[in-house]
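See below for target-v2.cif, which holds mmCIF, C-alpha atoms.
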```cif
data_coords
loop_
_atom_site.label_atom_id
_atom_site.label_comp_id
_atom_site.auth_asym_id
_atom_site.auth_seq_id
_atom_site.Cartn_x
_atom_site.Cartn_y
_atom_site.Cartn_z
CA MET U 1 4.46 -63.15 -56.92
CA THR U 2 2.58 -65.35 -54.44
CA GLY U 3 0.70 -64.14 -51.40
CA GLY U 4 3.20 -65.96 -49.19
CA THR U 5 6.05 -64.07 -50.79
CA ILE U 6 4.23 -60.77 -50.30
CA ARG U 7 3.69 -61.59 -46.62
CA ALA U 8 7.34 -62.56 -46.26
CA LEU U 9 8.36 -59.28 -47.89
CA GLY U 10 6.13 -57.44 -45.46
CA LEU U 11 7.78 -59.21 -42.55
CA ALA U 12 11.22 -58.40 -43.87
CA GLY U 13 10.26 -54.78 -44.38
CA ALA U 14 8.94 -54.58 -40.86
CA VAL U 15 12.26 -55.93 -39.68
CA ALA U 16 14.01 -53.18 -41.64
CA ALA U 17 12.10 -50.39 -39.98
CA ALA U 18 11.98 -52.01 -36.55
CA SER U 19 15.73 -52.27 -36.55
CA VAL U 20 15.91 -48.54 -36.06
CA ALA U 21 13.42 -48.72 -33.19
CA GLY U 22 14.50 -52.06 -31.87
CA ALA U 23 16.83 -51.27 -28.99
CA THR U 24 15.86 -49.89 -25.64
CA GLY U 25 17.66 -46.71 -24.63
CA ALA U 26 18.91 -46.78 -21.04
CA GLN U 27 18.45 -43.08 -20.29
CA ALA U 28 16.08 -41.82 -22.98
CA GLY U 29 12.66 -42.90 -24.17
CA ALA U 30 12.12 -45.31 -27.07
CA PHE U 31 15.44 -45.91 -28.89
CA GLY U 32 17.15 -42.69 -27.80
CA LEU U 33 20.40 -42.53 -25.83
CA ARG U 34 21.17 -39.66 -23.48
CA GLU U 35 24.64 -40.87 -22.43
CA GLN U 36 26.69 -38.07 -23.99
CA SER U 37 28.52 -36.78 -20.89
CA ALA U 38 30.02 -38.33 -17.75
CA GLN U 39 29.58 -35.01 -15.96
CA GLY U 40 25.95 -34.73 -17.07
CA LEU U 41 25.15 -38.26 -15.87
CA GLY U 42 26.12 -37.28 -12.33
CA VAL U 43 23.23 -34.79 -12.13
CA ALA U 44 20.79 -36.93 -14.18
CA PHE U 45 21.46 -34.51 -17.07
CA ALA U 46 19.73 -31.68 -15.20
CA GLY U 47 20.81 -28.32 -16.60
CA ALA U 48 22.53 -29.95 -19.59
CA ALA U 49 21.19 -27.18 -21.85
CA SER U 50 22.62 -24.53 -19.49
CA GLY U 51 26.11 -26.05 -19.30
CA GLY U 52 25.61 -28.64 -16.55
CA ALA U 53 27.07 -31.41 -18.76
CA GLY U 54 30.43 -29.70 -19.32
CA VAL U 55 31.81 -29.19 -22.82
CA SER U 56 29.47 -31.98 -23.99
CA SER U 57 26.50 -29.71 -23.24
CA ILE U 58 26.85 -28.88 -26.94
CA PHE U 59 24.71 -31.98 -27.60
CA TRP U 60 21.72 -30.35 -25.89
CA ASN U 61 22.48 -26.69 -26.63
CA PRO U 62 25.26 -25.61 -29.02
CA ALA U 63 25.31 -22.11 -27.48
CA THR U 64 27.09 -23.57 -24.43
CA VAL U 65 30.22 -23.68 -26.60
CA THR U 66 30.74 -20.00 -25.61
CA MET U 67 30.93 -20.78 -21.88
CA ARG U 68 34.60 -21.83 -21.82
CA PRO U 69 37.50 -19.66 -22.93
CA GLY U 70 40.39 -21.09 -24.88
CA PHE U 71 40.76 -24.60 -26.28
CA ALA U 72 39.22 -27.52 -24.34
CA SER U 73 38.43 -31.16 -25.17
CA GLU U 74 36.26 -33.60 -23.26
CA GLN U 75 35.84 -37.35 -23.73
CA SER U 76 33.40 -39.70 -21.99
CA LEU U 77 32.95 -43.47 -22.01
CA SER U 78 29.68 -44.92 -20.69
CA PHE U 79 28.98 -48.58 -19.96
CA ILE U 80 25.25 -49.36 -20.11
CA ASN U 81 24.14 -52.58 -18.47
CA LEU U 82 20.54 -53.14 -19.50
CA SER U 83 18.74 -55.95 -17.69
CA GLY U 84 15.30 -57.16 -18.74
CA GLU U 85 13.01 -60.13 -19.06
CA ILE U 86 9.79 -60.71 -20.99
CA THR U 87 7.52 -63.29 -19.38
CA PRO U 88 4.64 -64.77 -21.45
CA ARG U 89 1.23 -65.05 -19.84
CA VAL U 90 -2.27 -66.28 -20.64
CA GLY U 91 -3.23 -65.02 -24.09
CA THR U 92 -0.05 -66.26 -25.78
CA ALA U 93 -0.48 -68.96 -28.43
CA PRO U 94 -0.77 -72.23 -26.44
CA GLY U 95 1.77 -73.97 -28.63
CA LEU U 96 4.37 -71.33 -27.76
CA LEU U 97 3.82 -71.06 -24.01
CA PRO U 98 6.03 -74.13 -23.27
CA PHE U 99 9.01 -72.23 -24.74
CA GLY U 100 8.83 -69.87 -21.77
CA ASP U 101 10.26 -66.43 -21.15
CA SER U 102 12.88 -64.48 -23.03
CA GLY U 103 15.63 -64.98 -20.50
CA GLU U 104 17.96 -62.02 -20.08
CA VAL U 105 17.36 -59.69 -23.03
CA GLY U 106 19.80 -57.02 -21.90
CA GLN U 107 23.28 -56.76 -23.31
CA GLY U 108 26.11 -54.59 -22.04
CA ALA U 109 27.15 -51.80 -24.38
CA VAL U 110 29.87 -49.15 -24.34
CA VAL U 111 28.94 -45.70 -25.65
CA PRO U 112 31.77 -43.24 -26.38
CA SER U 113 31.19 -39.51 -26.78
CA GLY U 114 33.23 -36.35 -26.90
CA ALA U 115 33.20 -32.61 -27.43
CA THR U 116 35.70 -29.87 -28.18
CA SER U 117 35.37 -26.10 -28.01
CA TYR U 118 37.80 -23.53 -29.40
CA GLN U 119 37.68 -19.76 -28.93
CA LEU U 120 38.56 -17.87 -32.11
CA THR U 121 37.97 -14.32 -30.85
CA ASP U 122 36.45 -12.67 -27.80
CA ARG U 123 33.01 -13.24 -29.40
CA ILE U 124 33.30 -16.29 -31.69
CA TRP U 125 33.71 -19.97 -30.78
CA ILE U 126 33.72 -23.14 -32.84
CA GLY U 127 33.17 -26.67 -31.55
CA ILE U 128 32.19 -30.23 -32.36
CA GLN U 129 30.30 -32.93 -30.48
CA THR U 130 30.28 -36.62 -31.38
CA GLY U 131 28.28 -39.47 -29.89
CA ALA U 132 25.61 -42.11 -30.37
CA PRO U 133 22.15 -40.49 -30.14
CA TYR U 134 20.23 -43.75 -30.74
CA GLY U 135 20.51 -47.48 -30.23
CA LEU U 136 21.57 -50.32 -27.99
CA VAL U 137 21.59 -54.15 -28.12
CA THR U 138 18.93 -56.63 -26.96
CA LYS U 139 19.11 -60.42 -27.33
CA PRO U 140 16.58 -62.86 -25.81
CA ARG U 141 17.02 -66.63 -25.90
CA GLN U 142 17.08 -68.19 -29.36
CA ASP U 143 13.78 -70.03 -28.83
CA TRP U 144 11.23 -68.49 -26.50
CA ALA U 145 7.50 -67.83 -26.70
CA GLY U 146 7.98 -64.58 -28.64
CA SER U 147 10.86 -65.53 -30.93
CA VAL U 148 8.76 -64.76 -34.03
CA TYR U 149 8.70 -61.16 -32.79
CA ALA U 150 12.34 -60.86 -31.70
CA ARG U 151 15.54 -62.89 -31.53
CA SER U 152 18.13 -60.13 -31.52
CA SER U 153 18.38 -56.40 -32.22
CA ARG U 154 21.57 -54.50 -32.88
CA ILE U 155 22.00 -50.89 -33.89
CA PHE U 156 25.05 -48.65 -34.13
CA SER U 157 24.67 -44.91 -34.58
CA LEU U 158 27.14 -42.06 -34.67
CA ALA U 159 26.48 -38.33 -34.99
CA PHE U 160 28.89 -35.51 -35.84
CA ASN U 161 27.75 -32.03 -34.80
CA PRO U 162 30.09 -29.12 -35.64
CA VAL U 163 28.85 -25.77 -34.33
CA ILE U 164 29.72 -22.09 -34.37
CA GLY U 165 28.79 -19.86 -31.45
CA PHE U 166 28.56 -16.08 -31.16
CA LYS U 167 28.60 -14.13 -27.91
CA VAL U 168 26.26 -11.24 -28.74
CA ASN U 169 26.94 -9.40 -25.48
CA ASP U 170 27.68 -10.09 -21.84
CA TRP U 171 24.38 -11.88 -21.24
CA LEU U 172 23.40 -13.47 -24.58
CA SER U 173 25.02 -16.16 -26.76
CA VAL U 174 23.66 -18.00 -29.80
CA ALA U 175 24.95 -20.94 -31.85
CA ALA U 176 24.00 -23.36 -34.62
CA GLY U 177 25.47 -26.12 -36.74
CA PRO U 178 24.74 -29.19 -38.91
CA SER U 179 24.27 -32.69 -37.47
CA VAL U 180 25.36 -35.66 -39.59
CA GLU U 181 24.07 -39.09 -38.46
CA TYR U 182 25.00 -42.62 -39.46
CA PHE U 183 23.05 -45.85 -38.75
CA ARG U 184 24.19 -49.44 -39.12
CA LEU U 185 21.94 -52.25 -37.97
CA THR U 186 21.24 -55.98 -37.88
CA LEU U 187 17.99 -57.60 -36.74
CA ARG U 188 17.00 -61.25 -36.38
CA GLN U 189 13.75 -63.06 -35.60
CA ALA U 190 12.20 -66.50 -36.09
CA VAL U 191 10.39 -67.08 -39.39
CA PRO U 192 7.28 -69.31 -39.11
CA VAL U 193 7.45 -72.12 -41.67
CA PRO U 194 4.42 -74.40 -42.26
CA GLY U 195 5.05 -77.93 -41.06
CA VAL U 196 8.06 -76.94 -38.97
CA PHE U 197 7.96 -77.33 -35.19
CA PRO U 198 8.03 -73.83 -33.54
CA GLY U 199 11.19 -74.65 -31.60
CA GLN U 200 12.93 -75.29 -34.91
CA TYR U 201 11.87 -72.12 -36.75
CA PRO U 202 14.82 -70.76 -38.76
CA SER U 203 15.91 -67.13 -38.48
CA GLY U 204 15.48 -64.30 -40.90
CA PHE U 205 17.68 -61.23 -40.76
CA LEU U 206 18.12 -57.79 -42.19
CA LYS U 207 21.24 -55.66 -42.38
CA GLY U 208 21.08 -52.02 -43.41
CA GLU U 209 22.61 -48.58 -43.05
CA SER U 210 21.77 -44.97 -43.68
CA TRP U 211 23.22 -41.45 -43.57
CA GLY U 212 21.13 -38.40 -42.70
CA VAL U 213 21.66 -34.69 -42.05
CA GLY U 214 19.87 -32.28 -39.70
CA PHE U 215 20.88 -29.26 -37.62
CA THR U 216 21.09 -27.93 -34.08
CA ALA U 217 20.58 -24.42 -32.69
CA GLY U 218 20.47 -22.82 -29.28
CA VAL U 219 20.52 -19.73 -27.11
CA LEU U 220 22.18 -19.09 -23.74
CA VAL U 221 21.11 -16.26 -21.43
CA THR U 222 22.77 -15.00 -18.24
CA PRO U 223 20.18 -12.64 -16.70
CA ALA U 224 22.18 -12.24 -13.47
CA ALA U 225 25.49 -13.35 -12.03
CA GLY U 226 25.25 -17.03 -11.10
CA THR U 227 22.12 -17.69 -13.19
CA THR U 228 22.27 -19.36 -16.59
CA ILE U 229 19.31 -20.34 -18.77
CA GLY U 230 19.72 -22.35 -21.97
CA VAL U 231 17.38 -23.56 -24.69
CA GLY U 232 18.57 -25.97 -27.38
CA TYR U 233 16.97 -27.56 -30.45
CA ARG U 234 17.96 -30.68 -32.41
CA SER U 235 16.08 -31.08 -35.68
CA SER U 236 14.60 -34.25 -37.11
CA VAL U 237 16.96 -36.23 -39.34
CA HIS U 238 15.56 -38.08 -42.35
CA HIS U 239 16.88 -41.61 -42.87
CA ASP U 240 16.24 -43.69 -45.98
CA ILE U 241 17.23 -47.07 -44.60
CA GLU U 242 18.19 -49.65 -47.21
CA GLY U 243 18.67 -53.26 -46.24
CA SER U 244 19.64 -56.69 -47.47
CA ILE U 245 17.47 -59.63 -46.41
CA GLY U 246 18.41 -63.16 -45.44
CA PHE U 247 15.72 -65.88 -45.45
CA PRO U 248 15.85 -69.67 -44.95
CA ASP U 249 14.60 -70.22 -48.50
CA PRO U 250 17.14 -68.75 -50.98
CA ARG U 251 14.38 -68.43 -53.58
CA GLN U 252 12.51 -66.07 -51.26
CA ALA U 253 15.60 -63.94 -50.68
CA ILE U 254 16.17 -63.61 -54.43
CA ALA U 255 12.51 -62.77 -55.10
CA LEU U 256 12.35 -60.20 -52.32
CA GLY U 257 15.36 -58.22 -53.40
CA GLN U 258 15.92 -55.19 -51.18
CA VAL U 259 13.59 -53.04 -49.11
CA ARG U 260 13.78 -49.51 -47.81
CA ALA U 261 12.06 -47.69 -44.97
CA ASN U 262 11.86 -43.92 -44.59
CA LEU U 263 12.12 -42.84 -40.99
CA ASN U 264 12.44 -39.37 -39.48
CA THR U 265 14.02 -39.15 -36.04
CA PRO U 266 12.23 -36.90 -33.52
CA GLU U 267 12.98 -33.25 -32.91
CA LYS U 268 14.34 -32.50 -29.44
CA VAL U 269 13.90 -29.32 -27.38
CA SER U 270 16.03 -29.03 -24.24
CA VAL U 271 15.66 -26.39 -21.53
CA GLY U 272 18.14 -25.96 -18.69
CA LEU U 273 18.58 -23.72 -15.66
CA THR U 274 21.72 -23.53 -13.54
CA GLN U 275 21.55 -21.42 -10.39
CA ALA U 276 24.45 -20.75 -8.06
CA ILE U 277 23.18 -20.88 -4.45
CA ASN U 278 26.53 -19.82 -3.01
CA PRO U 279 30.13 -19.84 -4.27
CA VAL U 280 30.39 -23.64 -3.91
CA THR U 281 26.83 -24.93 -4.55
CA ARG U 282 24.73 -25.01 -7.71
CA ILE U 283 21.26 -26.32 -8.49
CA ASN U 284 20.42 -27.60 -12.00
CA LEU U 285 16.98 -28.09 -13.53
CA GLY U 286 16.30 -29.78 -16.86
CA PHE U 287 13.44 -30.45 -19.25
CA GLU U 288 13.47 -32.30 -22.58
CA TRP U 289 10.71 -32.84 -25.14
CA ASP U 290 11.11 -35.34 -27.98
CA ASN U 291 8.61 -35.35 -30.81
CA TRP U 292 8.35 -39.12 -31.16
CA SER U 293 4.74 -38.87 -32.34
CA ARG U 294 6.00 -37.70 -35.73
CA LEU U 295 7.06 -41.30 -36.55
CA GLY U 296 3.49 -42.63 -36.89
CA ASP U 297 3.20 -45.59 -39.27
CA VAL U 298 6.42 -46.31 -41.14
CA GLY U 299 5.80 -47.54 -44.67
CA ILE U 300 7.82 -50.52 -45.95
CA VAL U 301 8.69 -50.27 -49.64
CA SER U 302 9.95 -53.01 -51.95
CA LYS U 303 12.70 -51.61 -54.14
CA ALA U 304 11.99 -54.33 -56.72
CA LEU U 305 8.23 -53.68 -56.83
CA GLY U 306 8.33 -49.97 -56.09
CA VAL U 307 5.23 -50.21 -53.90
CA THR U 308 4.47 -50.13 -50.20
CA VAL U 309 3.91 -53.70 -49.09
CA ASN U 310 3.45 -53.23 -45.36
CA HIS U 311 3.56 -50.75 -42.48
CA LEU U 312 5.33 -50.67 -39.15
CA PRO U 313 2.83 -49.03 -36.77
CA LEU U 314 5.18 -47.39 -34.29
CA ASN U 315 2.53 -44.86 -33.26
CA PHE U 316 4.79 -43.42 -30.56
CA LYS U 317 3.65 -40.60 -28.32
CA ASP U 318 5.77 -37.58 -27.40
CA SER U 319 8.19 -38.06 -24.51
CA PHE U 320 9.02 -35.70 -21.64
CA PHE U 321 12.04 -35.81 -19.34
CA TYR U 322 12.26 -33.84 -16.09
CA SER U 323 15.39 -33.68 -13.94
CA ILE U 324 16.92 -31.92 -10.95
CA GLY U 325 20.52 -32.08 -9.76
CA ALA U 326 22.97 -30.43 -7.41
CA GLU U 327 26.72 -29.79 -7.49
CA TYR U 328 28.91 -29.06 -4.48
CA ASP U 329 32.57 -28.03 -4.54
CA TRP U 330 33.95 -30.04 -1.64
CA SER U 331 37.34 -28.45 -2.25
CA PRO U 332 39.00 -26.43 -5.01
CA ASN U 333 39.90 -29.76 -6.68
CA LEU U 334 36.84 -31.94 -5.94
CA THR U 335 33.22 -31.46 -7.02
CA LEU U 336 30.42 -33.82 -5.97
CA ARG U 337 27.11 -34.32 -7.80
CA ALA U 338 23.74 -36.00 -7.43
CA GLY U 339 20.57 -35.99 -9.51
CA PHE U 340 17.10 -37.36 -10.05
CA GLY U 341 15.09 -37.65 -13.26
CA TYR U 342 11.73 -38.89 -14.48
CA ASP U 343 11.33 -40.06 -18.07
CA ASN U 344 7.77 -40.16 -19.43
CA VAL U 345 8.52 -42.33 -22.46
CA PRO U 346 6.54 -42.63 -25.73
CA ILE U 347 5.84 -46.35 -25.20
CA ASP U 348 2.80 -47.91 -23.53
CA VAL U 349 0.66 -51.03 -23.94
CA SER U 350 -0.65 -49.80 -27.29
CA ASN U 351 2.77 -49.78 -28.98
CA ARG U 352 5.10 -51.86 -26.78
CA SER U 353 6.90 -54.64 -28.70
CA ALA U 354 9.20 -57.54 -27.89
CA ARG U 355 12.02 -55.57 -29.47
CA LEU U 356 11.25 -52.44 -27.46
CA PRO U 357 9.89 -53.37 -23.98
CA ASP U 358 10.23 -49.78 -22.81
CA SER U 359 8.27 -48.07 -20.00
CA ASN U 360 8.36 -44.96 -17.83
CA ARG U 361 11.38 -44.84 -15.55
CA TYR U 362 12.95 -43.02 -12.61
CA VAL U 363 16.66 -42.22 -12.68
CA VAL U 364 18.91 -41.70 -9.64
CA SER U 365 22.53 -40.65 -10.13
CA ILE U 366 25.70 -39.64 -8.30
CA GLY U 367 29.11 -38.52 -9.49
CA GLY U 368 32.13 -36.34 -9.01
CA SER U 369 35.04 -34.58 -10.72
CA TYR U 370 38.62 -34.27 -9.55
CA ARG U 371 41.06 -31.68 -10.89
CA TRP U 372 44.23 -33.69 -11.45
CA SER U 373 46.16 -30.65 -12.66
CA GLU U 374 45.57 -27.22 -14.12
CA LYS U 375 44.90 -28.90 -17.48
CA VAL U 376 43.26 -32.23 -16.57
CA LEU U 377 39.86 -32.85 -15.00
CA LEU U 378 38.75 -36.43 -14.26
CA THR U 379 35.06 -37.37 -13.89
CA ALA U 380 33.14 -40.49 -12.86
CA SER U 381 29.37 -41.01 -12.46
CA TYR U 382 26.84 -43.77 -11.81
CA ALA U 383 23.09 -43.95 -12.45
CA HIS U 384 20.37 -46.53 -11.93
CA ALA U 385 17.08 -46.49 -13.84
CA PHE U 386 13.95 -48.02 -12.29
CA PHE U 387 11.46 -49.00 -15.03
CA ASP U 388 7.74 -49.42 -14.46
CA ARG U 389 6.51 -52.95 -15.18
CA GLY U 390 4.79 -53.12 -18.56
CA LEU U 391 2.28 -55.22 -20.47
CA LEU U 392 3.09 -56.41 -23.99
CA LEU U 393 0.33 -57.47 -26.39
CA ALA U 394 0.91 -58.55 -30.01
CA GLY U 395 -0.97 -60.62 -32.56
CA PRO U 396 -4.46 -60.54 -34.12
CA GLY U 397 -6.21 -57.20 -33.67
CA ARG U 398 -3.02 -55.49 -32.47
CA ASP U 399 -0.72 -53.10 -34.29
CA TYR U 400 2.13 -55.61 -33.97
CA ASN U 401 1.06 -58.83 -35.68
CA ILE U 402 3.21 -61.47 -37.35
CA GLY U 403 1.44 -64.49 -38.76
CA ASN U 404 -1.58 -63.93 -36.47
CA ILE U 405 0.47 -65.40 -33.63
CA PRO U 406 -0.74 -63.96 -30.30
CA LEU U 407 1.77 -62.92 -27.64
CA ALA U 408 0.81 -61.59 -24.21
CA ALA U 409 3.61 -60.89 -21.76
CA SER U 410 4.80 -58.76 -18.88
CA THR U 411 8.10 -56.87 -18.98
CA ASP U 412 10.57 -56.26 -16.17
CA VAL U 413 13.47 -53.95 -17.04
CA SER U 414 16.18 -51.99 -15.21
CA ALA U 415 19.46 -50.38 -16.18
CA ASP U 416 22.77 -49.38 -14.61
CA VAL U 417 25.12 -46.88 -16.22
CA VAL U 418 28.73 -46.16 -15.29
CA SER U 419 30.47 -43.30 -17.03
CA VAL U 420 34.02 -41.99 -16.85
CA GLY U 421 35.48 -38.99 -18.60
CA PHE U 422 38.29 -36.49 -18.75
CA ARG U 423 38.67 -32.91 -19.90
CA TYR U 424 41.92 -31.44 -21.18
CA GLN U 425 42.61 -27.72 -21.45
CA TRP U 426 45.06 -27.33 -24.29
CA ASP U 427 46.02 -23.77 -23.41
CA ALA U 428 45.95 -21.40 -20.44
CA PRO U 429 43.44 -18.77 -21.55
CA ALA U 430 42.53 -15.63 -19.67
CA ALA U 431 39.04 -15.72 -18.20
CA VAL U 432 36.24 -14.19 -20.20
CA VAL U 433 34.68 -11.29 -18.27
CA PRO U 434 31.93 -11.53 -17.34
CA ALA U 435 31.70 -15.31 -17.57
CA PRO U 436 28.24 -16.83 -18.08
CA LEU U 437 28.69 -18.81 -14.85
CA VAL U 438 31.69 -18.93 -12.55
CA ARG U 439 32.73 -22.51 -11.90
CA LYS U 440 35.66 -23.80 -9.87
CA TYR U 441 36.13 -26.82 -12.09
#
```
Show me this structure written as structure tokens.
Amino acid sequence: MTGGTIRALGLAGAVAAASVAGATGAQAGAFGLREQSAQGLGVAFAGAASGGAGVSSIFWNPATVTMRPGFASEQSLSFINLSGEITPRVGTAPGLLPFGDSGEVGQGAVVPSGATSYQLTDRIWIGIQTGAPYGLVTKPRQDWAGSVYARSSRIFSLAFNPVIGFKVNDWLSVAAGPSVEYFRLTLRQAVPVPGVFPGQYPSGFLKGESWGVGFTAGVLVTPAAGTTIGVGYRSSVHHDIEGSIGFPDPRQAIALGQVRANLNTPEKVSVGLTQAINPVTRINLGFEWDNWSRLGDVGIVSKALGVTVNHLPLNFKDSFFYSIGAEYDWSPNLTLRAGFGYDNVPIDVSNRSARLPDSNRYVVSIGGSYRWSEKVLLTASYAHAFFDRGLLLAGPGRDYNIGNIPLAASTDVSADVVSVGFRYQWDAPAAVVPAPLVRKY
């Protein structure tokens, strides 16, 4: 096998692994998505681990399944409008500078999610939460200064998380359950070909999918009436991503065969506090830690050769999310919300890529819920994320390097999220006494 083929295989393998990390999450660092609850969005997901995100709080802390008596279902639909531009600057290969910036890289995406809780006995609950924990879509112009690093990134993920919760006593609940995740992805980028004008570089692509299994666990404590503290844990999920490769030269595609990339998603620890200030006002606090640093360098393996042919140096840092929110019951049927969050993401100039132009961001949100009937609760929320401007460096001497083609650029990103949801109470259960937290909605 020639050196050129080995390099092409390395590029294809990098595409395989980058496809998992190739979409910017609107509300979570790196390629994470936090949009699992319309109610939670209204308070910037503050107190999600202590029940502030409704039935969907199961995503952050499965022990919250014990907070609601009877049989309840909740569905949310979030529209994420990511807006971003990558502008090349001095330091980019001179022959590529005339091709200019990326144009609008953001693409609108709809993220559905849902949760159901069912009370079996006065102490045992079962539930399930479904949603997309990772992924989004980015697509710069076909030919721009950094097209060899990114032309389009698409990822679809779906997680199923059944749980069982146990109310130990009046002030303590615990829960746990498996988490089954699915990935499907497609990634495209320009492939440098000797003798071909850069504006006419053909595209290479990779399509792949993977299933993985992890678990969630959590505890919920009610030390006093009106005070709820929750701690939840989502384990890492191992994904063995297998992909098919498309290259301009069919002989290359045949010689390359398939590649695989082993990637472990980060563990997540969520802490929430919900405090009732008076009968109609509550304050929520939230903290999340994601162990992104566990990704490190992702090895790219040729299934045909059985050897590692390249590495994807993600080298992420850990991320930390802090949030505060408030809820006010304007009337017995209407609850208003507002929140603020700060996301210290795992991306900086050392590991920022054209596929993942992420940076620290501030999140401001508002929302409300209206009780349509005794069984139906309607919710709507809006959030805007302000991203810090970032610097992107790739090429010789950098972790991200394709064909020794230098790319220096600045990134400008923002995001708007609109989420709507409804909750349906299938029965008319008697209230659990004492309830972990008395809510009017």
Nearest to U:Ser153: which of U:Gly106, U:Gly32, U:Pro62, U:Pro178 is it, counting all atoms listed in the file?
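When distances to U:Ser153 are compared using all atoms listed in the file, the smallest one comes from U:Gly106.
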Measuring atom to atom with all atoms listed in the file, identify which of U:Pro133, U:Gly214, U:Gly325, U:Gly100 is nearest to U:Ser113.
U:Pro133
Taken to one decimal, the atom CA of U:Thr130-atom CA of U:Ser73 distance is 11.6 Å
Neighbour list for stretch 372-384 of chain U as a PDB file with C-alpha atoms, in the coordinates of the input, cut-off 6 Å, all atoms listed in the file, skip fewer than 3 positions in-chain:
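Resulting contents of out-v6.pdb:
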```pdb
ATOM      1  CA  ALA U  38      30.020 -38.330 -17.750  1.00  0.00           C
ATOM      2  CA  GLY U  42      26.120 -37.280 -12.330  1.00  0.00           C
ATOM      3  CA  VAL U 363      16.660 -42.220 -12.680  1.00  0.00           C
ATOM      4  CA  VAL U 364      18.910 -41.700  -9.640  1.00  0.00           C
ATOM      5  CA  SER U 365      22.530 -40.650 -10.130  1.00  0.00           C
ATOM      6  CA  ILE U 366      25.700 -39.640  -8.300  1.00  0.00           C
ATOM      7  CA  GLY U 367      29.110 -38.520  -9.490  1.00  0.00           C
ATOM      8  CA  GLY U 368      32.130 -36.340  -9.010  1.00  0.00           C
ATOM      9  CA  SER U 369      35.040 -34.580 -10.720  1.00  0.00           C
ATOM     10  CA  ALA U 415      19.460 -50.380 -16.180  1.00  0.00           C
ATOM     11  CA  ASP U 416      22.770 -49.380 -14.610  1.00  0.00           C
ATOM     12  CA  VAL U 417      25.120 -46.880 -16.220  1.00  0.00           C
ATOM     13  CA  VAL U 418      28.730 -46.160 -15.290  1.00  0.00           C
ATOM     14  CA  SER U 419      30.470 -43.300 -17.030  1.00  0.00           C
ATOM     15  CA  VAL U 420      34.020 -41.990 -16.850  1.00  0.00           C
ATOM     16  CA  GLY U 421      35.480 -38.990 -18.600  1.00  0.00           C
ATOM     17  CA  PHE U 422      38.290 -36.490 -18.750  1.00  0.00           C
ATOM     18  CA  ARG U 423      38.670 -32.910 -19.900  1.00  0.00           C
ATOM     19  CA  TYR U 424      41.920 -31.440 -21.180  1.00  0.00           C
ATOM     20  CA  GLN U 425      42.610 -27.720 -21.450  1.00  0.00           C
TER      21      GLN U 425
END
```
Name the residues in contact with U:Ser203 at a cut-off of 7 Å, using all atoms listed in the file, excluding same-chain residues fewer than 2 positions from it; report them as JSON, numbers by chain.
{"U": [188, 189, 190, 191, 201, 205, 248]}
Around (13.4, -49.4, -21.4) in the file's own coordinates, what residues are found within 12 Å if you use all atoms listed in the file, given back as an MDAnalysis selection string?
chainID U and resid 21:33 80:86 105:106 135:138 343:348 352:363 385:390 411:416
Padding of 5 Å on every side, edges along x, y and z, all listed atoms of stretch 199-202 of chain U included: what centre and edge lengths in Å, to one decimal, does that box have, as lines of an AutoDock Vina configuration file?
```
center_x = 13.0
center_y = -73.0
center_z = -35.2
size_x = 13.6
size_y = 14.5
size_z = 17.2
```
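What separates atom CA of U:Ser293 from atom CA of U:Ser319 is a distance of 8.6 Å.
One finds atom CA of U:Gln258 at 16.7 Å from atom CA of U:Leu312.
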Residue members of the PyMOL selection byres ((chain U and resi 71) around 8) in the file shown, as a list in words
Pro69, Gly70, Ala72, Ser73, Thr116, Ser117, Tyr118, Gln119, Gln425, Trp426, Asp427 and Pro429 of chain U
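Distances here use all atoms listed in the file; by that measure, the residue among U:Gly341, U:Gly114, U:Gly397, U:Gly47 closest to U:Thr227 is U:Gly47.
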Would you kindly return, as an mmCIF file with C-alpha atoms, keeping the file's coordinate frame, each protein, DNA or RNA residue with an atom no farther than 6 Å from any atom of U:Ile283, considering only C-alpha atoms and excluding same-chain residues fewer than 6 positions away?
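Result saved to out.cif:
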```cif
data_model
loop_
_atom_site.group_PDB
_atom_site.id
_atom_site.type_symbol
_atom_site.label_atom_id
_atom_site.label_comp_id
_atom_site.auth_asym_id
_atom_site.auth_seq_id
_atom_site.Cartn_x
_atom_site.Cartn_y
_atom_site.Cartn_z
ATOM 1 C CA THR U 274 21.720 -23.530 -13.540
ATOM 2 C CA GLN U 275 21.550 -21.420 -10.390
ATOM 3 C CA GLY U 325 20.520 -32.080 -9.760
ATOM 4 C CA ALA U 326 22.970 -30.430 -7.410
#
```
Give the answer as one residue: which of U:Ser152, U:Gln39, U:Ser147, U:Thr216 has the shortest atom-to-atom distance to U:Ser235, using only C-alpha atoms?
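Smallest distance to U:Ser235 is found for U:Thr216.
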Which neighbours of U:Arg141 fall inside 10 Å, counting all atoms listed in the file, when residues of the same chain fewer than 2 positions from it are skipped, and could you give them as a list in words?
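The residues that qualify are Phe99, Gly100, Asp101, Ser102, Gly103, Glu104, Val105, Lys139, Asp143, Trp144, Ala145, Gly146, Ser147, Ala150, Arg151 and Ser152 of chain U.
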